[in-house]
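Chemist: coords.tsv is the file, holding TSV, N, CA and C atoms:
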```
chain	number	residue	atom	x	y	z
M	1	MET	N	106.33	112.93	93.41
M	1	MET	CA	105.37	112.18	92.63
M	1	MET	C	106.11	111.54	91.45
M	2	HIS	N	106.04	110.23	91.36
M	2	HIS	CA	106.73	109.50	90.31
M	2	HIS	C	105.69	108.85	89.41
M	3	LYS	N	105.42	109.49	88.29
M	3	LYS	CA	104.41	108.99	87.35
M	3	LYS	C	105.09	108.12	86.30
M	4	LEU	N	104.44	107.01	85.99
M	4	LEU	CA	104.94	106.07	85.02
M	4	LEU	C	103.93	105.91	83.88
M	5	THR	N	104.44	105.64	82.70
M	5	THR	CA	103.60	105.32	81.55
M	5	THR	C	104.16	104.06	80.92
M	6	LEU	N	103.28	103.09	80.65
M	6	LEU	CA	103.68	101.83	80.04
M	6	LEU	C	103.06	101.75	78.65
M	7	VAL	N	103.92	101.57	77.65
M	7	VAL	CA	103.46	101.39	76.27
M	7	VAL	C	104.04	100.07	75.77
M	8	PRO	N	103.23	99.01	75.75
M	8	PRO	CA	103.73	97.71	75.28
M	8	PRO	C	104.12	97.75	73.80
M	9	ALA	N	104.98	96.84	73.41
M	9	ALA	CA	105.41	96.74	72.02
M	9	ALA	C	104.20	96.59	71.12
M	10	GLY	N	104.22	97.28	70.00
M	10	GLY	CA	103.14	97.19	69.03
M	10	GLY	C	102.04	98.22	69.23
M	11	CYS	N	102.09	98.97	70.32
M	11	CYS	CA	101.08	100.00	70.58
M	11	CYS	C	101.62	101.35	70.11
M	12	ALA	N	100.76	102.10	69.46
M	12	ALA	CA	101.13	103.45	69.05
M	12	ALA	C	101.00	104.38	70.26
M	13	TYR	N	101.90	105.33	70.38
M	13	TYR	CA	101.86	106.26	71.50
M	13	TYR	C	102.42	107.60	71.06
M	14	ARG	N	101.72	108.65	71.43
M	14	ARG	CA	102.17	110.00	71.11
M	14	ARG	C	101.91	110.84	72.35
M	15	GLU	N	102.88	111.67	72.70
M	15	GLU	CA	102.75	112.47	73.92
M	15	GLU	C	103.33	113.86	73.67
M	16	TRP	N	102.75	114.83	74.34
M	16	TRP	CA	103.20	116.20	74.18
M	16	TRP	C	103.09	116.88	75.54
M	17	HIS	N	104.12	117.61	75.93
M	17	HIS	CA	104.12	118.30	77.22
M	17	HIS	C	104.49	119.76	77.03
M	18	GLU	N	103.87	120.59	77.80
M	18	GLU	CA	104.26	121.98	77.89
M	18	GLU	C	104.45	122.28	79.36
M	19	THR	N	105.70	122.42	79.76
M	19	THR	CA	106.00	122.62	81.17
M	19	THR	C	106.72	123.93	81.39
M	20	GLY	N	106.60	124.42	82.60
M	20	GLY	CA	107.30	125.65	82.96
M	20	GLY	C	108.61	125.36	83.67
M	21	ALA	N	108.88	124.10	83.91
M	21	ALA	CA	110.10	123.72	84.62
M	21	ALA	C	110.80	122.60	83.85
M	22	THR	N	112.02	122.34	84.22
M	22	THR	CA	112.78	121.26	83.61
M	22	THR	C	112.13	119.92	83.97
M	23	THR	N	112.00	119.08	82.99
M	23	THR	CA	111.38	117.77	83.19
M	23	THR	C	112.38	116.70	82.80
M	24	ARG	N	112.45	115.65	83.61
M	24	ARG	CA	113.33	114.53	83.31
M	24	ARG	C	112.48	113.34	82.91
M	25	VAL	N	112.77	112.79	81.75
M	25	VAL	CA	112.02	111.67	81.22
M	25	VAL	C	113.00	110.56	80.88
M	26	THR	N	112.65	109.34	81.24
M	26	THR	CA	113.47	108.18	80.91
M	26	THR	C	112.61	107.19	80.14
M	27	PHE	N	113.12	106.70	79.02
M	27	PHE	CA	112.44	105.69	78.24
M	27	PHE	C	113.22	104.39	78.34
M	28	LEU	N	112.55	103.32	78.73
M	28	LEU	CA	113.18	102.01	78.80
M	28	LEU	C	112.43	101.09	77.84
M	29	TYR	N	113.16	100.39	77.01
M	29	TYR	CA	112.57	99.46	76.05
M	29	TYR	C	112.90	98.05	76.50
M	30	SER	N	111.89	97.20	76.58
M	30	SER	CA	112.09	95.81	77.02
M	30	SER	C	111.57	94.86	75.97
M	31	ASN	N	112.17	93.68	75.95
M	31	ASN	CA	111.73	92.62	75.06
M	31	ASN	C	110.41	92.08	75.59
M	32	PRO	N	109.34	92.08	74.79
M	32	PRO	CA	108.05	91.57	75.25
M	32	PRO	C	108.10	90.13	75.75
M	33	ALA	N	109.05	89.35	75.28
M	33	ALA	CA	109.17	87.95	75.71
M	33	ALA	C	109.57	87.85	77.18
M	34	ALA	N	110.07	88.94	77.77
M	34	ALA	CA	110.52	88.91	79.15
M	34	ALA	C	109.35	88.98	80.15
M	35	PHE	N	108.16	89.32	79.68
M	35	PHE	CA	107.05	89.51	80.59
M	35	PHE	C	106.34	88.19	80.88
M	36	ARG	N	105.85	88.10	82.12
M	36	ARG	CA	105.18	86.88	82.59
M	36	ARG	C	103.93	86.61	81.75
M	37	LYS	N	103.75	85.38	81.41
M	37	LYS	CA	102.62	84.97	80.58
M	37	LYS	C	101.39	84.69	81.46
M	38	SER	N	100.21	84.85	80.86
M	38	SER	CA	98.96	84.52	81.56
M	38	SER	C	98.72	83.01	81.46
M	39	GLU	N	97.61	82.54	82.03
M	39	GLU	CA	97.29	81.12	82.02
M	39	GLU	C	97.20	80.54	80.61
M	40	ASP	N	96.74	81.35	79.65
M	40	ASP	CA	96.61	80.85	78.28
M	40	ASP	C	97.91	80.98	77.48
M	41	GLY	N	98.99	81.37	78.15
M	41	GLY	CA	100.29	81.43	77.50
M	41	GLY	C	100.59	82.71	76.76
M	42	GLU	N	99.71	83.69	76.84
M	42	GLU	CA	99.94	84.95	76.14
M	42	GLU	C	100.26	86.07	77.12
M	43	CYS	N	101.01	87.02	76.63
M	43	CYS	CA	101.33	88.21	77.41
M	43	CYS	C	100.55	89.36	76.81
M	44	ARG	N	99.57	89.85	77.53
M	44	ARG	CA	98.71	90.89	76.99
M	44	ARG	C	98.79	92.15	77.85
M	45	LEU	N	99.94	92.74	77.91
M	45	LEU	CA	100.06	93.98	78.66
M	45	LEU	C	99.26	95.07	77.96
M	46	GLN	N	98.54	95.85	78.74
M	46	GLN	CA	97.75	96.95	78.21
M	46	GLN	C	98.49	98.25	78.50
M	47	PRO	N	98.34	99.24	77.64
M	47	PRO	CA	98.96	100.55	77.92
M	47	PRO	C	98.38	101.14	79.20
M	48	ARG	N	99.21	101.80	79.96
M	48	ARG	CA	98.76	102.50	81.18
M	48	ARG	C	99.46	103.84	81.21
M	49	ILE	N	98.74	104.88	81.56
M	49	ILE	CA	99.35	106.20	81.60
M	49	ILE	C	99.30	106.76	83.00
M	50	TYR	N	100.35	107.44	83.36
M	50	TYR	CA	100.47	108.18	84.61
M	50	TYR	C	100.01	107.39	85.82
M	51	PHE	N	100.52	106.17	85.97
M	51	PHE	CA	100.22	105.39	87.16
M	51	PHE	C	101.41	105.47	88.10
M	52	GLU	N	101.17	105.13	89.35
M	52	GLU	CA	102.23	105.15	90.35
M	52	GLU	C	102.42	103.76	90.93
M	53	ASP	N	103.64	103.34	91.05
M	53	ASP	CA	103.99	102.09	91.70
M	53	ASP	C	105.43	102.22	92.16
M	54	SER	N	105.63	102.26	93.48
M	54	SER	CA	106.97	102.52	94.00
M	54	SER	C	107.97	101.42	93.64
M	55	PHE	N	107.50	100.17	93.55
M	55	PHE	CA	108.41	99.08	93.21
M	55	PHE	C	108.90	99.18	91.77
M	56	VAL	N	107.98	99.49	90.86
M	56	VAL	CA	108.36	99.67	89.45
M	56	VAL	C	109.31	100.87	89.35
M	57	TRP	N	108.97	101.96	90.03
M	57	TRP	CA	109.79	103.17	89.96
M	57	TRP	C	111.20	102.90	90.46
M	58	GLU	N	111.32	102.23	91.61
M	58	GLU	CA	112.64	101.95	92.19
M	58	GLU	C	113.47	101.06	91.27
M	59	THR	N	112.86	100.04	90.71
M	59	THR	CA	113.59	99.13	89.83
M	59	THR	C	114.01	99.84	88.54
M	60	ALA	N	113.10	100.62	87.97
M	60	ALA	CA	113.42	101.37	86.75
M	60	ALA	C	114.53	102.39	87.03
M	61	SER	N	114.50	103.01	88.20
M	61	SER	CA	115.54	103.98	88.58
M	61	SER	C	116.90	103.30	88.71
M	62	LYS	N	116.92	102.11	89.31
M	62	LYS	CA	118.18	101.35	89.42
M	62	LYS	C	118.72	101.01	88.04
M	63	LEU	N	117.82	100.58	87.15
M	63	LEU	CA	118.24	100.23	85.79
M	63	LEU	C	118.78	101.46	85.06
M	64	ARG	N	118.08	102.58	85.16
M	64	ARG	CA	118.54	103.82	84.52
M	64	ARG	C	119.90	104.23	85.07
M	65	SER	N	120.05	104.19	86.39
M	65	SER	CA	121.32	104.58	87.02
M	65	SER	C	122.47	103.67	86.58
M	66	ALA	N	122.19	102.38	86.47
M	66	ALA	CA	123.23	101.44	86.06
M	66	ALA	C	123.67	101.73	84.62
M	67	ILE	N	122.70	102.04	83.76
M	67	ILE	CA	123.04	102.34	82.36
M	67	ILE	C	123.78	103.66	82.27
M	68	GLU	N	123.26	104.69	82.95
M	68	GLU	CA	123.90	106.01	82.91
M	68	GLU	C	125.26	106.00	83.59
M	69	GLY	N	125.43	105.13	84.60
M	69	GLY	CA	126.69	105.05	85.33
M	69	GLY	C	127.75	104.23	84.64
M	70	GLY	N	127.45	103.75	83.45
M	70	GLY	CA	128.46	103.01	82.67
M	70	GLY	C	128.60	101.56	83.08
M	71	LYS	N	127.60	101.00	83.76
M	71	LYS	CA	127.68	99.60	84.16
M	71	LYS	C	127.18	98.67	83.07
M	72	VAL	N	127.23	99.14	81.82
M	72	VAL	CA	126.77	98.30	80.70
M	72	VAL	C	127.66	97.09	80.51
M	73	ASN	N	128.86	97.12	81.10
M	73	ASN	CA	129.76	95.97	81.00
M	73	ASN	C	129.32	94.86	81.94
M	74	SER	N	128.45	95.18	82.90
M	74	SER	CA	127.96	94.19	83.86
M	74	SER	C	126.62	93.65	83.37
M	75	MET	N	126.64	92.89	82.30
M	75	MET	CA	125.42	92.38	81.70
M	75	MET	C	124.58	91.52	82.65
M	76	PRO	N	125.17	90.66	83.48
M	76	PRO	CA	124.31	89.87	84.38
M	76	PRO	C	123.47	90.77	85.30
M	77	TYR	N	124.06	91.86	85.79
M	77	TYR	CA	123.33	92.79	86.66
M	77	TYR	C	122.20	93.48	85.89
M	78	LEU	N	122.49	93.97	84.68
M	78	LEU	CA	121.47	94.63	83.86
M	78	LEU	C	120.35	93.66	83.49
M	79	GLU	N	120.72	92.42	83.16
M	79	GLU	CA	119.70	91.43	82.82
M	79	GLU	C	118.83	91.10	84.02
M	80	ALA	N	119.44	91.03	85.20
M	80	ALA	CA	118.67	90.75	86.42
M	80	ALA	C	117.70	91.89	86.71
M	81	LEU	N	118.17	93.13	86.62
M	81	LEU	CA	117.28	94.27	86.84
M	81	LEU	C	116.16	94.31	85.81
M	82	SER	N	116.48	94.01	84.56
M	82	SER	CA	115.46	93.98	83.51
M	82	SER	C	114.41	92.92	83.80
M	83	GLY	N	114.85	91.77	84.28
M	83	GLY	CA	113.91	90.71	84.64
M	83	GLY	C	113.00	91.10	85.78
M	84	VAL	N	113.57	91.75	86.79
M	84	VAL	CA	112.76	92.22	87.93
M	84	VAL	C	111.76	93.28	87.45
M	85	LEU	N	112.21	94.19	86.59
M	85	LEU	CA	111.31	95.22	86.07
M	85	LEU	C	110.16	94.58	85.29
M	86	ALA	N	110.47	93.59	84.46
M	86	ALA	CA	109.42	92.90	83.70
M	86	ALA	C	108.44	92.22	84.66
M	87	HIS	N	108.95	91.61	85.72
M	87	HIS	CA	108.08	90.97	86.70
M	87	HIS	C	107.18	91.99	87.39
M	88	GLU	N	107.75	93.12	87.79
M	88	GLU	CA	106.96	94.16	88.47
M	88	GLU	C	105.89	94.72	87.55
M	89	LEU	N	106.22	94.96	86.29
M	89	LEU	CA	105.22	95.47	85.34
M	89	LEU	C	104.13	94.44	85.09
M	90	SER	N	104.49	93.16	85.04
M	90	SER	CA	103.49	92.10	84.89
M	90	SER	C	102.57	92.08	86.10
M	91	ARG	N	103.13	92.26	87.29
M	91	ARG	CA	102.35	92.28	88.52
M	91	ARG	C	101.37	93.44	88.50
M	92	VAL	N	101.84	94.61	88.08
M	92	VAL	CA	100.98	95.79	88.00
M	92	VAL	C	99.85	95.53	87.01
M	93	HIS	N	100.18	94.91	85.88
M	93	HIS	CA	99.18	94.63	84.85
M	93	HIS	C	98.10	93.69	85.38
M	94	GLN	N	98.48	92.73	86.19
M	94	GLN	CA	97.52	91.76	86.71
M	94	GLN	C	96.73	92.33	87.89
M	95	GLY	N	97.02	93.57	88.26
M	95	GLY	CA	96.24	94.22	89.31
M	95	GLY	C	96.58	93.76	90.72
M	96	VAL	N	97.77	93.20	90.91
M	96	VAL	CA	98.17	92.77	92.24
M	96	VAL	C	98.75	93.98	92.96
M	97	ALA	N	98.03	94.46	93.94
M	97	ALA	CA	98.47	95.65	94.67
M	97	ALA	C	99.37	95.26	95.82
M	98	ARG	N	100.44	95.99	96.01
M	98	ARG	CA	101.33	95.78	97.14
M	98	ARG	C	101.17	96.86	98.19
M	99	GLU	N	100.65	97.97	97.80
M	99	GLU	CA	100.51	99.07	98.73
M	99	GLU	C	99.15	99.72	98.53
M	100	PRO	N	98.53	100.15	99.61
M	100	PRO	CA	97.20	100.76	99.47
M	100	PRO	C	97.31	102.09	98.75
M	101	PRO	N	96.30	102.43	97.95
M	101	PRO	CA	96.33	103.72	97.27
M	101	PRO	C	96.23	104.86	98.27
M	102	VAL	N	96.96	105.92	97.98
M	102	VAL	CA	96.96	107.09	98.85
M	102	VAL	C	96.15	108.18	98.17
M	103	SER	N	95.20	108.73	98.90
M	103	SER	CA	94.38	109.80	98.35
M	103	SER	C	95.10	111.12	98.56
M	104	ARG	N	95.30	111.84	97.47
M	104	ARG	CA	96.00	113.13	97.54
M	104	ARG	C	95.08	114.26	97.09
M	105	GLY	N	93.79	114.05	97.21
M	105	GLY	CA	92.85	115.08	96.77
M	105	GLY	C	92.56	114.92	95.29
M	106	GLY	N	91.92	115.91	94.72
M	106	GLY	CA	91.60	115.84	93.30
M	106	GLY	C	90.31	115.08	93.08
M	107	LEU	N	90.23	114.36	91.98
M	107	LEU	CA	89.04	113.60	91.64
M	107	LEU	C	88.84	112.44	92.60
M	108	ALA	N	87.58	112.09	92.80
M	108	ALA	CA	87.29	110.87	93.55
M	108	ALA	C	87.88	109.70	92.77
M	109	SER	N	88.26	108.66	93.48
M	109	SER	CA	88.96	107.55	92.81
M	109	SER	C	88.14	106.93	91.69
M	110	TRP	N	86.81	106.83	91.85
M	110	TRP	CA	86.00	106.24	90.79
M	110	TRP	C	85.95	107.14	89.57
M	111	ARG	N	85.98	108.49	89.79
M	111	ARG	CA	85.98	109.40	88.64
M	111	ARG	C	87.33	109.39	87.94
M	112	LYS	N	88.37	109.31	88.72
M	112	LYS	CA	89.71	109.22	88.14
M	112	LYS	C	89.81	107.97	87.27
M	113	GLN	N	89.26	106.85	87.75
M	113	GLN	CA	89.30	105.61	86.99
M	113	GLN	C	88.52	105.74	85.68
M	114	VAL	N	87.39	106.48	85.71
M	114	VAL	CA	86.61	106.72	84.49
M	114	VAL	C	87.47	107.46	83.47
M	115	VAL	N	88.18	108.47	83.92
M	115	VAL	CA	89.04	109.26	83.03
M	115	VAL	C	90.18	108.41	82.49
M	116	VAL	N	90.86	107.66	83.37
M	116	VAL	CA	91.98	106.83	82.95
M	116	VAL	C	91.52	105.77	81.94
M	117	ASP	N	90.40	105.13	82.21
M	117	ASP	CA	89.88	104.12	81.27
M	117	ASP	C	89.58	104.74	79.91
M	118	TYR	N	88.96	105.91	79.91
M	118	TYR	CA	88.63	106.59	78.66
M	118	TYR	C	89.89	106.93	77.87
M	119	ILE	N	90.88	107.47	78.55
M	119	ILE	CA	92.12	107.86	77.88
M	119	ILE	C	92.84	106.63	77.34
M	120	GLU	N	92.89	105.56	78.13
M	120	GLU	CA	93.56	104.34	77.67
M	120	GLU	C	92.85	103.73	76.47
M	121	GLU	N	91.52	103.82	76.42
M	121	GLU	CA	90.78	103.30	75.27
M	121	GLU	C	91.03	104.14	74.02
M	122	HIS	N	91.36	105.39	74.19
M	122	HIS	CA	91.56	106.32	73.07
M	122	HIS	C	93.01	106.81	73.02
M	123	LEU	N	93.96	105.94	73.37
M	123	LEU	CA	95.36	106.33	73.54
M	123	LEU	C	95.98	106.95	72.30
M	124	GLY	N	95.63	106.50	71.13
M	124	GLY	CA	96.23	107.02	69.91
M	124	GLY	C	95.52	108.24	69.34
M	125	LYS	N	94.50	108.71	70.04
M	125	LYS	CA	93.69	109.82	69.53
M	125	LYS	C	93.82	111.03	70.45
M	126	GLN	N	93.41	112.17	69.95
M	126	GLN	CA	93.36	113.36	70.78
M	126	GLN	C	92.14	113.24	71.69
M	127	VAL	N	92.31	113.50	72.99
M	127	VAL	CA	91.26	113.27	73.97
M	127	VAL	C	90.76	114.60	74.53
M	128	CYS	N	89.46	114.76	74.59
M	128	CYS	CA	88.83	115.92	75.23
M	128	CYS	C	88.14	115.42	76.49
M	129	LEU	N	88.62	115.83	77.65
M	129	LEU	CA	88.07	115.34	78.90
M	129	LEU	C	86.63	115.77	79.13
M	130	LEU	N	86.18	116.80	78.43
M	130	LEU	CA	84.79	117.22	78.58
M	130	LEU	C	83.82	116.16	78.06
M	131	LYS	N	84.32	115.26	77.22
M	131	LYS	CA	83.47	114.22	76.64
M	131	LYS	C	83.45	112.95	77.48
M	132	VAL	N	84.23	112.89	78.55
M	132	VAL	CA	84.29	111.71	79.38
M	132	VAL	C	83.04	111.66	80.25
M	133	ARG	N	82.24	110.62	80.09
M	133	ARG	CA	81.02	110.48	80.86
M	133	ARG	C	81.37	110.17	82.32
M	134	GLY	N	80.68	110.82	83.21
M	134	GLY	CA	80.87	110.53	84.63
M	134	GLY	C	81.74	111.55	85.34
M	135	ILE	N	82.54	112.31	84.62
M	135	ILE	CA	83.42	113.26	85.31
M	135	ILE	C	82.74	114.61	85.50
M	136	SER	N	81.95	115.04	84.52
M	136	SER	CA	81.32	116.35	84.65
M	136	SER	C	79.99	116.26	85.36
M	137	GLU	N	79.51	115.04	85.60
M	137	GLU	CA	78.25	114.87	86.29
M	137	GLU	C	78.52	114.75	87.78
M	138	ALA	N	77.97	115.60	88.57
M	138	ALA	CA	78.20	115.50	90.01
M	138	ALA	C	77.02	116.01	90.78
```
Could you write out this structure as structure tokens?

Modeler:
Amino acid sequence: MHKLTLVPAGCAYREWHETGATTRVTFLYSNPAAFRKSEDGECRLQPRIYFEDSFVWETASKLRSAIEGGKVNSMPYLEALSGVLAHELSRVHQGVAREPPVSRGGLASWRKQVVVDYIEEHLGKQVCLLKVRGISEA
């Protein structure tokens, strides 16, 4: 399971984890000017938490590996990967799906969306899932 979190420039973000196993986290910072603009000429990426997209994951992994592998001297390659990553994140933001969602159990997709929307609206605040309308009603 490859979970991604997107925090656009200018958005506050705070995260805390308590895990029983080793966790690997990679942070990539991109120039907001690299993202595809909408019809009105603005780039309005919204924060997204714990989403899955294999294309974004693969591109981000290539970029991380290139940086960790010391390929920082190959700027054209890093710039190309960064551009592809920006394009993929813009595609995800615009809701263009490339692969059908896979159900792995858990919450029904509409309930999961209610929770994700609530959390994204309250990203800078402490969230209590018991207060999310629609999840406890069944």

Chemist: In Å, how far is it from atom N of Pro47 of chain M to atom CA of Thr59 of chain M?

Modeler: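 Distance between the two atoms: 19.5 Å.
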
Chemist: Just to confirm, what's the straight-line distance from atom C of Phe51 of chain M to atom C of Leu4 of chain M in Å (one decimal)?

Modeler: 4.9 Å

Chemist: Kindly give the distance, in Å, that separates atom N of Arg91 of chain M and atom C of Leu45 of chain M, rounded to a single decimal.

Modeler: 10.5 Å

Chemist: Restricting the calculation to all atoms listed in the file, which member of M:Ile49, M:Ala12, M:Val115, M:Ala66 is positioned closest to Leu78 of chain M?

Modeler: M:Ala66

Chemist: For Val116 of chain M, which residue out of M:Arg64, M:Arg24, M:His2, M:Arg48 is the nearest one, using only C-alpha atoms?

Modeler: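 Closest to Val116 of chain M, using only C-alpha atoms: M:Arg48.
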